[in-house]
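One file, input_2.json, is given below (JSON, C-alpha atoms and all ligand atoms).
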[["chain", "number", "residue", "atom", "x", "y", "z"],
["N", 8, "MET", "CA", 0.00, 0.00, 0.00],
["N", 9, "GLU", "CA", 1.33, 3.43, -0.88],
["N", 10, "SER", "CA", 1.90, 6.03, 1.81],
["N", 11, "ILE", "CA", 3.28, 9.55, 2.10],
["N", 12, "LYS", "CA", 4.58, 11.64, 4.99],
["N", 13, "ILE", "CA", 4.15, 15.42, 4.89],
["N", 14, "SER", "CA", 5.24, 18.16, 7.29],
["N", 15, "SER", "CA", 2.60, 20.73, 8.21],
["N", 16, "TYR", "CA", 4.09, 24.01, 9.47],
["N", 17, "GLY", "CA", 2.38, 26.64, 11.62],
["N", 18, "LYS", "CA", 2.45, 30.43, 11.14],
["N", 19, "ILE", "CA", 2.49, 33.64, 13.11],
["N", 20, "ASN", "CA", 1.27, 37.07, 12.01],
["N", 21, "LEU", "CA", 3.90, 39.77, 12.45],
["N", 22, "ALA", "CA", 1.27, 42.34, 11.52],
["N", 23, "LEU", "CA", -2.51, 42.02, 11.10],
["N", 24, "ASP", "CA", -4.82, 44.87, 10.19],
["N", 25, "VAL", "CA", -8.48, 44.52, 9.27],
["N", 26, "ILE", "CA", -9.53, 46.93, 6.52],
["N", 27, "ASN", "CA", -13.30, 46.42, 6.21],
["N", 28, "LYS", "CA", -16.15, 43.91, 6.22],
["N", 29, "ARG", "CA", -17.29, 42.54, 2.88],
["N", 30, "ASN", "CA", -20.84, 41.80, 1.80],
["N", 31, "ASP", "CA", -20.14, 38.04, 1.95],
["N", 32, "GLY", "CA", -19.37, 38.28, 5.68],
["N", 33, "TYR", "CA", -15.59, 37.88, 5.30],
["N", 34, "HIS", "CA", -13.20, 40.73, 6.16],
["N", 35, "ASN", "CA", -10.55, 42.28, 3.96],
["N", 36, "ILE", "CA", -7.29, 42.16, 5.85],
["N", 37, "SER", "CA", -3.68, 43.12, 5.40],
["N", 38, "THR", "CA", -1.25, 40.82, 7.17],
["N", 39, "VAL", "CA", 2.38, 39.78, 7.27],
["N", 40, "MET", "CA", 2.31, 36.00, 7.53],
["N", 41, "GLN", "CA", 5.38, 34.13, 8.61],
["N", 42, "GLU", "CA", 5.86, 30.38, 8.54],
["N", 43, "ILE", "CA", 7.45, 28.88, 11.68],
["N", 44, "SER", "CA", 9.35, 25.65, 12.18],
["N", 45, "LEU", "CA", 6.81, 24.27, 14.69],
["N", 46, "LYS", "CA", 5.03, 21.55, 12.74],
["N", 47, "ASP", "CA", 2.59, 18.67, 12.73],
["N", 48, "ASP", "CA", 3.31, 15.53, 10.69],
["N", 49, "LEU", "CA", 0.74, 13.90, 8.45],
["N", 50, "THR", "CA", 1.11, 10.30, 7.32],
["N", 51, "ILE", "CA", -1.37, 9.39, 4.59],
["N", 52, "ILE", "CA", -1.92, 5.79, 3.55],
["N", 53, "ASP", "CA", -4.22, 4.39, 0.84],
["N", 54, "ASN", "CA", -7.30, 2.74, 2.33],
["N", 55, "GLU", "CA", -9.13, -0.04, 0.46],
["N", 56, "ASN", "CA", -12.57, 0.61, 1.95],
["N", 57, "LYS", "CA", -13.13, 4.04, 0.32],
["N", 58, "LYS", "CA", -13.58, 5.81, 3.68],
["N", 59, "LEU", "CA", -11.37, 8.39, 5.35],
["N", 60, "VAL", "CA", -10.04, 7.36, 8.76],
["N", 61, "ILE", "CA", -8.39, 10.10, 10.81],
["N", 62, "THR", "CA", -6.25, 9.25, 13.84],
["N", 63, "SER", "CA", -4.14, 11.55, 16.01],
["N", 64, "ASN", "CA", -2.14, 11.85, 19.22],
["N", 65, "ASN", "CA", -4.29, 14.93, 20.01],
["N", 66, "GLU", "CA", -7.61, 14.66, 21.82],
["N", 67, "GLU", "CA", -8.87, 18.23, 21.41],
["N", 68, "MET", "CA", -9.44, 18.18, 17.68],
["N", 69, "PRO", "CA", -12.41, 16.44, 16.01],
["N", 70, "LEU", "CA", -11.51, 13.32, 14.01],
["N", 71, "ASP", "CA", -14.70, 13.24, 11.93],
["N", 72, "GLU", "CA", -16.16, 15.32, 9.06],
["N", 73, "ARG", "CA", -15.50, 18.51, 11.07],
["N", 74, "ASN", "CA", -11.75, 18.05, 10.60],
["N", 75, "LEU", "CA", -10.39, 20.21, 7.78],
["N", 76, "VAL", "CA", -8.49, 17.26, 6.28],
["N", 77, "TYR", "CA", -11.85, 15.50, 5.89],
["N", 78, "LYS", "CA", -13.21, 18.48, 3.95],
["N", 79, "VAL", "CA", -10.12, 18.37, 1.71],
["N", 80, "TRP", "CA", -10.59, 14.64, 1.04],
["N", 81, "GLU", "CA", -14.29, 15.16, 0.14],
["N", 82, "GLU", "CA", -13.51, 18.10, -2.14],
["N", 83, "LEU", "CA", -10.65, 16.36, -3.96],
["N", 84, "LYS", "CA", -12.82, 13.27, -4.52],
["N", 85, "LYS", "CA", -15.56, 15.48, -6.00],
["N", 86, "ILE", "CA", -13.19, 17.41, -8.28],
["N", 87, "SER", "CA", -11.10, 14.45, -9.44],
["N", 88, "GLY", "CA", -13.97, 11.97, -9.74],
["N", 89, "LEU", "CA", -11.89, 9.39, -7.86],
["N", 90, "ASP", "CA", -13.65, 7.28, -5.24],
["N", 91, "LYS", "CA", -10.73, 6.53, -2.95],
["N", 92, "GLY", "CA", -10.31, 6.08, 0.79],
["N", 93, "ALA", "CA", -7.35, 6.97, 2.96],
["N", 94, "HIS", "CA", -6.02, 6.71, 6.48],
["N", 95, "VAL", "CA", -4.40, 9.89, 7.74],
["N", 96, "HIS", "CA", -2.52, 10.06, 11.01],
["N", 97, "ILE", "CA", -2.01, 13.61, 12.29],
["N", 98, "TYR", "CA", 0.84, 13.89, 14.77],
["N", 99, "LYS", "CA", 0.02, 17.24, 16.40],
["N", 100, "ARG", "CA", 2.47, 19.64, 17.98],
["N", 101, "ILE", "CA", 0.77, 22.90, 16.97],
["N", 102, "PRO", "CA", -1.76, 23.89, 19.67],
["N", 103, "VAL", "CA", -5.39, 23.79, 18.44],
["N", 104, "ALA", "CA", -7.47, 27.00, 18.03],
["N", 105, "ALA", "CA", -4.42, 29.01, 19.02],
["N", 106, "GLY", "CA", -3.90, 31.50, 16.17],
["N", 107, "LEU", "CA", -1.13, 29.40, 14.59],
["N", 108, "ALA", "CA", -3.18, 28.03, 11.64],
["N", 109, "GLY", "CA", -2.78, 24.42, 12.74],
["N", 110, "GLY", "CA", -5.98, 23.28, 11.03],
["N", 111, "SER", "CA", -5.33, 25.22, 7.81],
["N", 112, "SER", "CA", -1.80, 23.89, 7.69],
["N", 113, "ASN", "CA", -3.04, 20.29, 8.06],
["N", 114, "ALA", "CA", -5.53, 20.96, 5.24],
["N", 115, "ALA", "CA", -2.75, 22.29, 3.01],
["N", 116, "ALA", "CA", -0.60, 19.24, 3.77],
["N", 117, "MET", "CA", -3.56, 16.95, 2.97],
["N", 118, "LEU", "CA", -4.06, 18.74, -0.38],
["N", 119, "LYS", "CA", -0.40, 18.22, -1.27],
["N", 120, "GLY", "CA", -0.39, 14.65, 0.03],
["N", 121, "LEU", "CA", -3.48, 13.44, -1.85],
["N", 122, "ASN", "CA", -2.38, 15.34, -4.97],
["N", 123, "SER", "CA", 0.74, 13.22, -4.94],
["N", 124, "LEU", "CA", -0.72, 9.91, -3.65],
["N", 125, "TRP", "CA", -3.57, 10.00, -6.19],
["N", 126, "LYS", "CA", -1.19, 11.21, -8.95],
["N", 127, "LEU", "CA", -3.50, 14.14, -9.74],
["N", 128, "ASP", "CA", -0.62, 16.43, -10.62],
["N", 129, "TYR", "CA", -2.68, 19.59, -9.99],
["N", 130, "PRO", "CA", -0.56, 22.77, -10.05],
["N", 131, "VAL", "CA", -0.27, 24.72, -6.77],
["N", 132, "GLU", "CA", -2.60, 27.43, -8.19],
["N", 133, "LYS", "CA", -5.38, 24.86, -8.46],
["N", 134, "LEU", "CA", -4.69, 23.55, -4.96],
["N", 135, "GLU", "CA", -4.92, 27.16, -3.71],
["N", 136, "GLU", "CA", -8.30, 27.65, -5.43],
["N", 137, "ILE", "CA", -9.61, 24.48, -3.80],
["N", 138, "GLY", "CA", -8.04, 25.37, -0.42],
["N", 139, "LYS", "CA", -9.59, 28.84, -0.41],
["N", 140, "THR", "CA", -13.11, 27.35, -0.43],
["N", 141, "ILE", "CA", -12.25, 25.40, 2.74],
["N", 142, "GLY", "CA", -10.35, 28.01, 4.77],
["N", 143, "ALA", "CA", -8.86, 31.48, 4.22],
["N", 144, "ASP", "CA", -5.39, 30.58, 5.60],
["N", 145, "ILE", "CA", -4.95, 27.46, 3.44],
["N", 146, "PRO", "CA", -3.47, 29.25, 0.37],
["N", 147, "PHE", "CA", -0.75, 30.76, 2.59],
["N", 148, "CYS", "CA", -0.02, 27.39, 4.17],
["N", 149, "LEU", "CA", 0.46, 25.90, 0.70],
["N", 150, "ARG", "CA", 3.14, 28.53, -0.06],
["N", 151, "GLY", "CA", 4.78, 29.13, 3.32],
["N", 152, "GLY", "CA", 7.75, 31.46, 3.85],
["N", 153, "THR", "CA", 7.14, 35.17, 4.43],
["N", 154, "LEU", "CA", 4.29, 36.90, 2.56],
["N", 155, "LEU", "CA", 2.13, 40.00, 2.70],
["N", 156, "ALA", "CA", -1.45, 38.78, 2.34],
["N", 157, "THR", "CA", -4.41, 40.98, 1.43],
["N", 158, "GLY", "CA", -8.03, 40.35, 0.38],
["N", 159, "ILE", "CA", -9.38, 37.66, 2.74],
["N", 160, "GLY", "CA", -5.75, 36.61, 3.16],
["N", 161, "ASP", "CA", -5.50, 34.95, -0.24],
["N", 162, "GLN", "CA", -3.78, 37.63, -2.38],
["N", 163, "PHE", "CA", -0.03, 37.58, -1.93],
["N", 164, "LYS", "CA", 2.89, 39.93, -2.39],
["N", 165, "PRO", "CA", 6.47, 38.75, -1.89],
["N", 166, "ILE", "CA", 8.27, 40.67, 0.86],
["N", 167, "PRO", "CA", 11.74, 40.32, 2.39],
["N", 168, "SER", "CA", 12.29, 36.96, 4.05],
["N", 169, "PHE", "CA", 12.36, 36.94, 7.85],
["N", 170, "GLN", "CA", 13.86, 33.49, 8.12],
["N", 171, "ASP", "CA", 15.78, 32.05, 11.09],
["N", 172, "VAL", "CA", 14.64, 34.45, 13.80],
["N", 173, "TYR", "CA", 14.27, 32.96, 17.30],
["N", 174, "VAL", "CA", 10.67, 32.87, 18.50],
["N", 175, "LEU", "CA", 9.08, 31.80, 21.79],
["N", 176, "LEU", "CA", 5.40, 30.80, 21.70],
["N", 177, "VAL", "CA", 3.44, 31.09, 24.93],
["N", 178, "ASN", "CA", -0.03, 29.61, 24.87],
["N", 179, "PRO", "CA", -2.17, 29.99, 28.00],
["N", 180, "ASN", "CA", -4.29, 26.92, 27.10],
["N", 181, "ILE", "CA", -7.34, 29.02, 26.31],
["N", 182, "PRO", "CA", -8.73, 28.15, 22.85],
["N", 183, "MET", "CA", -10.17, 31.01, 20.80],
["N", 184, "ASP", "CA", -12.62, 30.72, 17.92],
["N", 185, "THR", "CA", -11.61, 32.85, 14.94],
["N", 186, "LYS", "CA", -15.24, 33.58, 13.88],
["N", 187, "TYR", "CA", -16.12, 34.68, 17.40],
["N", 188, "VAL", "CA", -13.22, 37.16, 17.45],
["N", 189, "TYR", "CA", -14.13, 38.67, 14.07],
["N", 190, "GLY", "CA", -17.75, 38.90, 15.28],
["N", 191, "LYS", "CA", -16.61, 41.11, 18.17],
["N", 192, "LEU", "CA", -14.49, 43.34, 15.95],
["N", 193, "ASP", "CA", -15.22, 47.07, 16.02],
["N", 194, "LEU", "CA", -13.41, 48.75, 13.16],
["N", 195, "ARG", "CA", -13.41, 52.02, 15.12],
["N", 196, "ASP", "CA", -10.65, 50.41, 17.24],
["N", 197, "ARG", "CA", -8.31, 50.56, 14.23],
["N", 198, "LYS", "CA", -5.11, 52.42, 14.94],
["N", 199, "ASP", "CA", -3.09, 54.54, 12.59],
["N", 200, "PHE", "CA", -1.00, 51.56, 11.56],
["N", 201, "ASN", "CA", 1.58, 51.92, 8.81],
["N", 202, "MET", "CA", 2.42, 48.56, 7.24],
["N", 203, "ASP", "CA", 5.36, 50.08, 5.31],
["N", 204, "LEU", "CA", 7.33, 50.62, 8.54],
["N", 205, "ILE", "CA", 7.51, 46.94, 9.52],
["N", 206, "LEU", "CA", 8.21, 45.96, 5.90],
["N", 207, "GLN", "CA", 11.13, 48.42, 5.81],
["N", 208, "GLU", "CA", 12.59, 46.94, 9.01],
["N", 209, "MET", "CA", 12.19, 43.44, 7.59],
["N", 210, "GLY", "CA", 14.04, 44.59, 4.47],
["N", 211, "LYS", "CA", 16.95, 45.76, 6.65],
["N", 212, "ARG", "CA", 16.66, 42.54, 8.68],
["N", 213, "ASP", "CA", 16.53, 44.68, 11.77],
["N", 214, "ILE", "CA", 14.90, 42.33, 14.31],
["N", 215, "LEU", "CA", 14.56, 45.06, 16.93],
["N", 216, "GLY", "CA", 12.97, 47.37, 14.34],
["N", 217, "VAL", "CA", 10.50, 44.63, 13.38],
["N", 218, "ALA", "CA", 9.81, 43.85, 17.04],
["N", 219, "GLN", "CA", 8.97, 47.53, 17.66],
["N", 220, "ASN", "CA", 6.48, 47.63, 14.81],
["N", 221, "LEU", "CA", 4.48, 44.45, 15.49],
["N", 222, "TYR", "CA", 0.71, 45.04, 15.27],
["N", 223, "ASN", "CA", -2.46, 42.99, 15.58],
["N", 224, "LEU", "CA", -5.87, 44.69, 15.67],
["N", 225, "LEU", "CA", -7.48, 41.46, 16.94],
["N", 226, "GLU", "CA", -5.30, 41.61, 20.06],
["N", 227, "VAL", "CA", -7.45, 44.47, 21.38],
["N", 228, "ILE", "CA", -10.56, 42.27, 21.30],
["N", 229, "VAL", "CA", -9.01, 39.13, 22.78],
["N", 230, "THR", "CA", -7.15, 41.06, 25.51],
["N", 231, "LYS", "CA", -10.52, 42.34, 26.79],
["N", 232, "GLU", "CA", -11.57, 38.73, 27.46],
["N", 233, "VAL", "CA", -8.28, 36.99, 28.22],
["N", 234, "GLU", "CA", -6.24, 38.95, 30.75],
["N", 235, "GLU", "CA", -3.36, 36.46, 30.41],
["N", 236, "ILE", "CA", -2.39, 38.03, 27.05],
["N", 237, "GLU", "CA", -1.16, 41.32, 28.58],
["N", 238, "GLU", "CA", 0.57, 39.45, 31.38],
["N", 239, "ILE", "CA", 2.45, 37.13, 29.00],
["N", 240, "LYS", "CA", 3.48, 40.09, 26.84],
["N", 241, "GLY", "CA", 4.84, 41.88, 29.89],
["N", 242, "GLU", "CA", 6.78, 38.81, 31.04],
["N", 243, "LEU", "CA", 8.28, 38.23, 27.61],
["N", 244, "THR", "CA", 9.48, 41.81, 27.34],
["N", 245, "LYS", "CA", 10.85, 41.66, 30.88],
["N", 246, "ASN", "CA", 12.76, 38.52, 29.91],
["N", 247, "LYS", "CA", 14.80, 39.65, 26.90],
["N", 248, "ALA", "CA", 12.19, 39.49, 24.13],
["N", 249, "LEU", "CA", 12.69, 42.40, 21.71],
["N", 250, "GLY", "CA", 8.93, 42.59, 21.24],
["N", 251, "SER", "CA", 5.81, 40.46, 21.56],
["N", 252, "LEU", "CA", 2.38, 40.08, 19.99],
["N", 253, "MET", "CA", -0.67, 37.84, 19.95],
["N", 254, "SER", "CA", -0.76, 35.75, 16.77],
["N", 255, "GLY", "CA", -3.86, 35.72, 14.53],
["N", 256, "SER", "CA", -7.07, 35.47, 16.55],
["N", 257, "GLY", "CA", -5.17, 34.18, 19.60],
["N", 258, "THR", "CA", -4.54, 33.17, 22.16],
["N", 259, "THR", "CA", -0.88, 32.31, 21.50],
["N", 260, "VAL", "CA", 1.52, 35.17, 22.18],
["N", 261, "PHE", "CA", 4.94, 35.14, 20.56],
["N", 262, "GLY", "CA", 8.17, 36.91, 21.48],
["N", 263, "LEU", "CA", 11.01, 37.70, 19.07],
["N", 264, "PHE", "CA", 14.62, 37.34, 20.21],
["N", 265, "LYS", "CA", 18.01, 38.62, 19.14],
["N", 266, "ASN", "CA", 19.69, 35.22, 19.58],
["N", 267, "GLU", "CA", 19.38, 31.71, 20.98],
["N", 268, "THR", "CA", 20.89, 32.63, 24.36],
["N", 269, "ASP", "CA", 18.17, 35.22, 25.01],
["N", 270, "LEU", "CA", 15.50, 32.81, 23.79],
["N", 271, "ASN", "CA", 16.70, 30.12, 26.20],
["N", 272, "PHE", "CA", 16.86, 32.62, 29.05],
["N", 273, "SER", "CA", 13.24, 33.62, 28.46],
["N", 274, "TYR", "CA", 12.15, 29.99, 27.98],
["N", 275, "GLU", "CA", 13.54, 28.97, 31.38],
["N", 276, "LYS", "CA", 11.88, 31.93, 33.14],
["N", 277, "MET", "CA", 8.51, 31.47, 31.46],
["N", 278, "LYS", "CA", 8.54, 27.70, 31.98],
["N", 279, "GLU", "CA", 9.09, 28.20, 35.69],
["N", 280, "LYS", "CA", 6.44, 30.87, 36.09],
["N", 281, "TYR", "CA", 3.77, 29.25, 33.89],
["N", 282, "PRO", "CA", 4.13, 25.47, 34.30],
["N", 283, "ASN", "CA", 0.58, 24.93, 32.98],
["N", 284, "TYR", "CA", 1.04, 26.90, 29.76],
["N", 285, "ARG", "CA", 2.38, 25.53, 26.51],
["N", 286, "ILE", "CA", 5.73, 27.21, 25.94],
["N", 287, "ILE", "CA", 7.44, 26.30, 22.70],
["N", 288, "LYS", "CA", 10.78, 27.32, 21.21],
["N", 289, "THR", "CA", 10.67, 27.69, 17.46],
["N", 290, "LYS", "CA", 12.19, 29.68, 14.59],
["N", 291, "THR", "CA", 10.78, 31.52, 11.63],
["N", 292, "ARG", "CA", 11.09, 29.60, 8.41],
["W", 1, "LIG", "P1", -6.18, 30.38, 12.43],
["W", 1, "LIG", "O1", -4.87, 30.91, 12.91],
["W", 1, "LIG", "O2", -6.20, 29.99, 10.99],
["W", 1, "LIG", "O3", -7.36, 31.18, 12.87],
["W", 1, "LIG", "P2", -6.21, 28.57, 14.61],
["W", 1, "LIG", "O4", -4.79, 28.14, 14.80],
["W", 1, "LIG", "O5", -6.73, 29.63, 15.51],
["W", 1, "LIG", "O6", -6.39, 28.97, 13.10],
["W", 1, "LIG", "P3", -6.95, 25.87, 14.30],
["W", 1, "LIG", "O7", -5.95, 25.16, 15.15],
["W", 1, "LIG", "O8", -6.77, 25.84, 12.85],
["W", 1, "LIG", "O9", -7.13, 27.37, 14.79],
["W", 1, "LIG", "O10", -8.37, 25.27, 14.71],
["W", 1, "LIG", "C1", -9.56, 25.99, 14.60],
["W", 1, "LIG", "C2", -10.74, 25.02, 14.75],
["W", 1, "LIG", "O11", -10.69, 24.07, 13.70],
["W", 1, "LIG", "C3", -10.75, 24.24, 16.04],
["W", 1, "LIG", "O12", -12.00, 24.46, 16.64],
["W", 1, "LIG", "C4", -10.59, 22.79, 15.65],
["W", 1, "LIG", "O13", -11.44, 21.96, 16.39],
["W", 1, "LIG", "C5", -10.96, 22.75, 14.18],
["W", 1, "LIG", "N1", -10.14, 21.83, 13.36],
["W", 1, "LIG", "C6", -10.57, 21.14, 12.31],
["W", 1, "LIG", "N2", -9.58, 20.43, 11.76],
["W", 1, "LIG", "C7", -8.47, 20.66, 12.46],
["W", 1, "LIG", "C8", -7.12, 20.21, 12.38],
["W", 1, "LIG", "N3", -6.72, 19.33, 11.45],
["W", 1, "LIG", "N4", -6.23, 20.69, 13.26],
["W", 1, "LIG", "C9", -6.63, 21.57, 14.20],
["W", 1, "LIG", "N5", -7.88, 22.02, 14.35],
["W", 1, "LIG", "C10", -8.81, 21.57, 13.50]]
Before we go any further, please render this structure as structure tokens.
Ligand code: ATP
Amino acid sequence: MESIKISSYGKINLALDVINKRNDGYHNISTVMQEISLKDDLTIIDNENKKLVITSNNEEMPLDERNLVYKVWEELKKISGLDKGAHVHIYKRIPVAAGLAGGSSNAAAMLKGLNSLWKLDYPVEKLEEIGKTIGADIPFCLRGGTLLATGIGDQFKPIPSFQDVYVLLVNPNIPMDTKYVYGKLDLRDRKDFNMDLILQEMGKRDILGVAQNLYNLLEVIVTKEVEEIEEIKGELTKNKALGSLMSGSGTTVFGLFKNETDLNFSYEKMKEKYPNYRIIKTKTR
């Protein structure tokens, strides 16, 4: 039986501004998306009985038709006309509902995996079109790297790479639903944010400059409900982070560091103070 193993990387948003609400209910956004080396692993194996079986080491995420990899399987069957089953094992390291695009990334990996296993040979543009109908972050997850995304997050502009920067993720174990956060959004909270500034600092590869220009409009909403966010940000900055921000719709907060020594220093402090949080060392990719 044929099988394939695919890595499924998470992301952080170095900047996230919401421009307006569209008639279809989605929002137009402008965001700097950055792939990180924290990843899940998907192993996909052909399955004779034409069903999709999902297994995982993680107990928080649904393993039925609510899982995004299930939606990908259904959609690819419909489009390709193939009536094939599969067994996918998702080894999860990316926290669920944490603003790190874990689900979207798994969906992107499933698209790539089935495209190869079923020998469909669809170009990445077609996979992006399919992915977009399942989740707004899936096109980015198919590309990875560092990109400026606009529209609903599916129009991309290349920007300077921000690879190999040390990042600490601190997740207070409070899941946050993306739709709920957007539902609470009041566009009057928008600040005078200038995206060009952070892009310029990225171009100079000035990590401190980038850290000083991090911005996430959604942080305002989530901070009102989850007081841990402000506390984590304060602790990170106190412990050698050059800057910190909540990623996506939360609740993971990330800190950026000058080097590995500072990252390790902060990791040890945070680990001690917050033994019940998920604290993960990673790098941008
Ligand atoms: P984003 O940053 O794109 O908003 P997120 O990291 O906040 O995403 P996810 O981890 O993608 O959130 O999960 C969001 C929801 O999707 C959860 O409620 C989860 O139950 C569901 N879900 C479906 N499939 C998956 C999957 N393969 N991995 C994780 N969550 C999944």
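Minimum atom-to-atom distance to ligand LIG 1 (chain W), evaluated using all atoms listed in the file, belongs to N:Ser256 out of N:Ser256, N:Met209, N:Ala156, N:Gln162.
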**OP:** Select the residues contacting ligand LIG 1 (chain W) at a distance of at most 9 Å, based on all atoms listed in the file, then format the selection as a PyMOL selection string.
**Re:** chain N and resi 17-20+67-78+97+99+101-114+142-145+182-186+254-259
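Proximity ranking of N:Glu237, N:Asp171, N:Asp161, N:Glu226 relative to Val188 (chain N) places N:Glu226 first, based on all atoms listed in the file.
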Subject >> Surrounding residues of Val177 (chain N) excluding itself and chain neighbours under 4 positions, 8 Å, all atoms listed in the file, as a list in words >> reply: Ile239, Thr259, Val260, Phe261, Tyr284, Arg285, Ile286 and Ile287 of chain N
Subject >> Atom pair CA of Lys28 (chain N) / CA of Leu194 (chain N): separation (Å) >> reply: 8.9 Å
Original post:
Excluding same-chain residues fewer than 6 positions from region 278-280 of chain N, what lies within 12 Å of it counting all atoms listed in the file, as a list in words?
Top reply: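 Non-adjacent residues within range: Leu175, Leu176, Val177, Asn178, Pro179, Glu238, Ile239, Glu242, Leu243, Asn246, Leu270, Asn271, Phe272, Ile286, Ile287 and Lys288 of chain N.
Residues within 12 Å of Asp53 (chain N), counting only C-alpha atoms and excluding same-chain residues fewer than 4 positions away, are Met8, Glu9, Ser10, Ile11, Lys57, Lys58, Leu59, Val60, Asp90, Lys91, Gly92, Ala93, His94, Val95, His96, Gly120, Leu121, Ser123, Leu124 and Trp125 of chain N.
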Original post:
When you draw a straight line from CA of Ala116 (chain N) to CA of Ser15 (chain N), how long is it in Å?
Top reply: 5.7 Å
Original post:
Skipping near chain neighbours, those fewer than 4 positions away, what residues fall within 9 Å of Leu224 (chain N) using only C-alpha atoms, listed as number ranges by chain?
Top reply: N: 22-25, 192, 194, 196-198, 228
Dump C-alpha atoms for the selected residues as a PDB file, in the frame of the given file?
ATOM      1  CA  ALA N  22       1.270  42.340  11.520  1.00  0.00           C
ATOM      2  CA  LEU N  23      -2.510  42.020  11.100  1.00  0.00           C
ATOM      3  CA  ASP N  24      -4.820  44.870  10.190  1.00  0.00           C
ATOM      4  CA  VAL N  25      -8.480  44.520   9.270  1.00  0.00           C
ATOM      5  CA  LEU N 192     -14.490  43.340  15.950  1.00  0.00           C
ATOM      6  CA  LEU N 194     -13.410  48.750  13.160  1.00  0.00           C
ATOM      7  CA  ASP N 196     -10.650  50.410  17.240  1.00  0.00           C
ATOM      8  CA  ARG N 197      -8.310  50.560  14.230  1.00  0.00           C
ATOM      9  CA  LYS N 198      -5.110  52.420  14.940  1.00  0.00           C
ATOM     10  CA  ILE N 228     -10.560  42.270  21.300  1.00  0.00           C
TER      11      ILE N 228
END
Original post:
Using only C-alpha atoms, which of the listed residues (N:Arg150, N:Lys126, N:Lys191, N:Lys211) sits closest to Gln41 (chain N)?
Top reply: N:Arg150
Original post:
N:Leu21, N:Leu45, N:Lys276, N:Asn30: which is nearest Gly216 (chain N), counting all atoms listed in the file?
Top reply: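 Using all atoms listed in the file, Gly216 (chain N) sits closest to N:Leu21.
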Original post:
Counting all atoms listed in the file, which of N:Thr157, N:Ser168, N:Leu134, N:Lys139 gets nearest to His34 (chain N)?
Top reply: N:Thr157
Assuming 3 Å of padding per side, give the centre and edge lengths of the axis-aligned box around every listed atom of region 82-94 of chain N, in Å to one decimal and as JSON.
{"center_x": -10.8, "center_y": 12.1, "center_z": -1.6, "size_x": 15.5, "size_y": 18.0, "size_z": 22.2}
Subject >> Cut-off 7 Å around (2.0, 13.5, 8.8) with all atoms listed in the file: residues as a ChimeraX atom specification >> reply: /N:12-14,47-51,96-98
Original post:
How many Å lie between CA of Glu208 (chain N) and CA of Asn220 (chain N), rounded to one decimal?
Top reply: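 Calculated distance between CA of Glu208 (chain N) and CA of Asn220 (chain N) is 8.5 Å.
Nearest to Gly241 (chain N) of all the residues N:Ile159, N:Met277, N:Val79, N:Val172 is N:Met277, based on only C-alpha atoms.
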Original post:
What lies within 8 Å of Glu42 (chain N) using all atoms listed in the file, ignoring chain neighbours under 6 positions off, as a PyMOL selection string?
Top reply: chain N and resi 16-19+148+151-153+291-292
Reconstruct N, CA, C and O atoms of region 217-225 of chain N; output as an mmCIF file, keeping the file's coordinate frame.
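What follows is the written file out-v2.cif:
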data_model
loop_
_atom_site.group_PDB
_atom_site.id
_atom_site.type_symbol
_atom_site.label_atom_id
_atom_site.label_comp_id
_atom_site.auth_asym_id
_atom_site.auth_seq_id
_atom_site.Cartn_x
_atom_site.Cartn_y
_atom_site.Cartn_z
ATOM 1 N N VAL N 217 11.725 45.411 13.645
ATOM 2 C CA VAL N 217 10.500 44.630 13.380
ATOM 3 C C VAL N 217 9.719 44.479 14.685
ATOM 4 O O VAL N 217 8.511 44.725 14.743
ATOM 5 N N ALA N 218 10.449 44.098 15.743
ATOM 6 C CA ALA N 218 9.810 43.850 17.040
ATOM 7 C C ALA N 218 9.082 45.109 17.547
ATOM 8 O O ALA N 218 8.068 45.009 18.232
ATOM 9 N N GLN N 219 9.595 46.282 17.198
ATOM 10 C CA GLN N 219 8.970 47.530 17.660
ATOM 11 C C GLN N 219 7.772 47.937 16.819
ATOM 12 O O GLN N 219 7.044 48.863 17.162
ATOM 13 N N ASN N 220 7.591 47.268 15.693
ATOM 14 C CA ASN N 220 6.480 47.630 14.810
ATOM 15 C C ASN N 220 5.456 46.515 14.629
ATOM 16 O O ASN N 220 4.676 46.530 13.682
ATOM 17 N N LEU N 221 5.471 45.531 15.551
ATOM 18 C CA LEU N 221 4.480 44.450 15.490
ATOM 19 C C LEU N 221 3.087 45.048 15.744
ATOM 20 O O LEU N 221 2.947 45.978 16.541
ATOM 21 N N TYR N 222 2.067 44.498 15.082
ATOM 22 C CA TYR N 222 0.710 45.040 15.270
ATOM 23 C C TYR N 222 -0.350 44.003 14.962
ATOM 24 O O TYR N 222 -0.271 43.315 13.941
ATOM 25 N N ASN N 223 -1.337 43.888 15.839
ATOM 26 C CA ASN N 223 -2.460 42.990 15.580
ATOM 27 C C ASN N 223 -3.731 43.615 16.128
ATOM 28 O O ASN N 223 -3.918 43.700 17.347
ATOM 29 N N LEU N 224 -4.613 44.049 15.243
ATOM 30 C CA LEU N 224 -5.870 44.690 15.670
ATOM 31 C C LEU N 224 -6.724 43.736 16.513
ATOM 32 O O LEU N 224 -7.432 44.163 17.426
ATOM 33 N N LEU N 225 -6.644 42.438 16.217
ATOM 34 C CA LEU N 225 -7.480 41.460 16.940
ATOM 35 C C LEU N 225 -7.047 41.307 18.399
ATOM 36 O O LEU N 225 -7.824 40.853 19.239
#
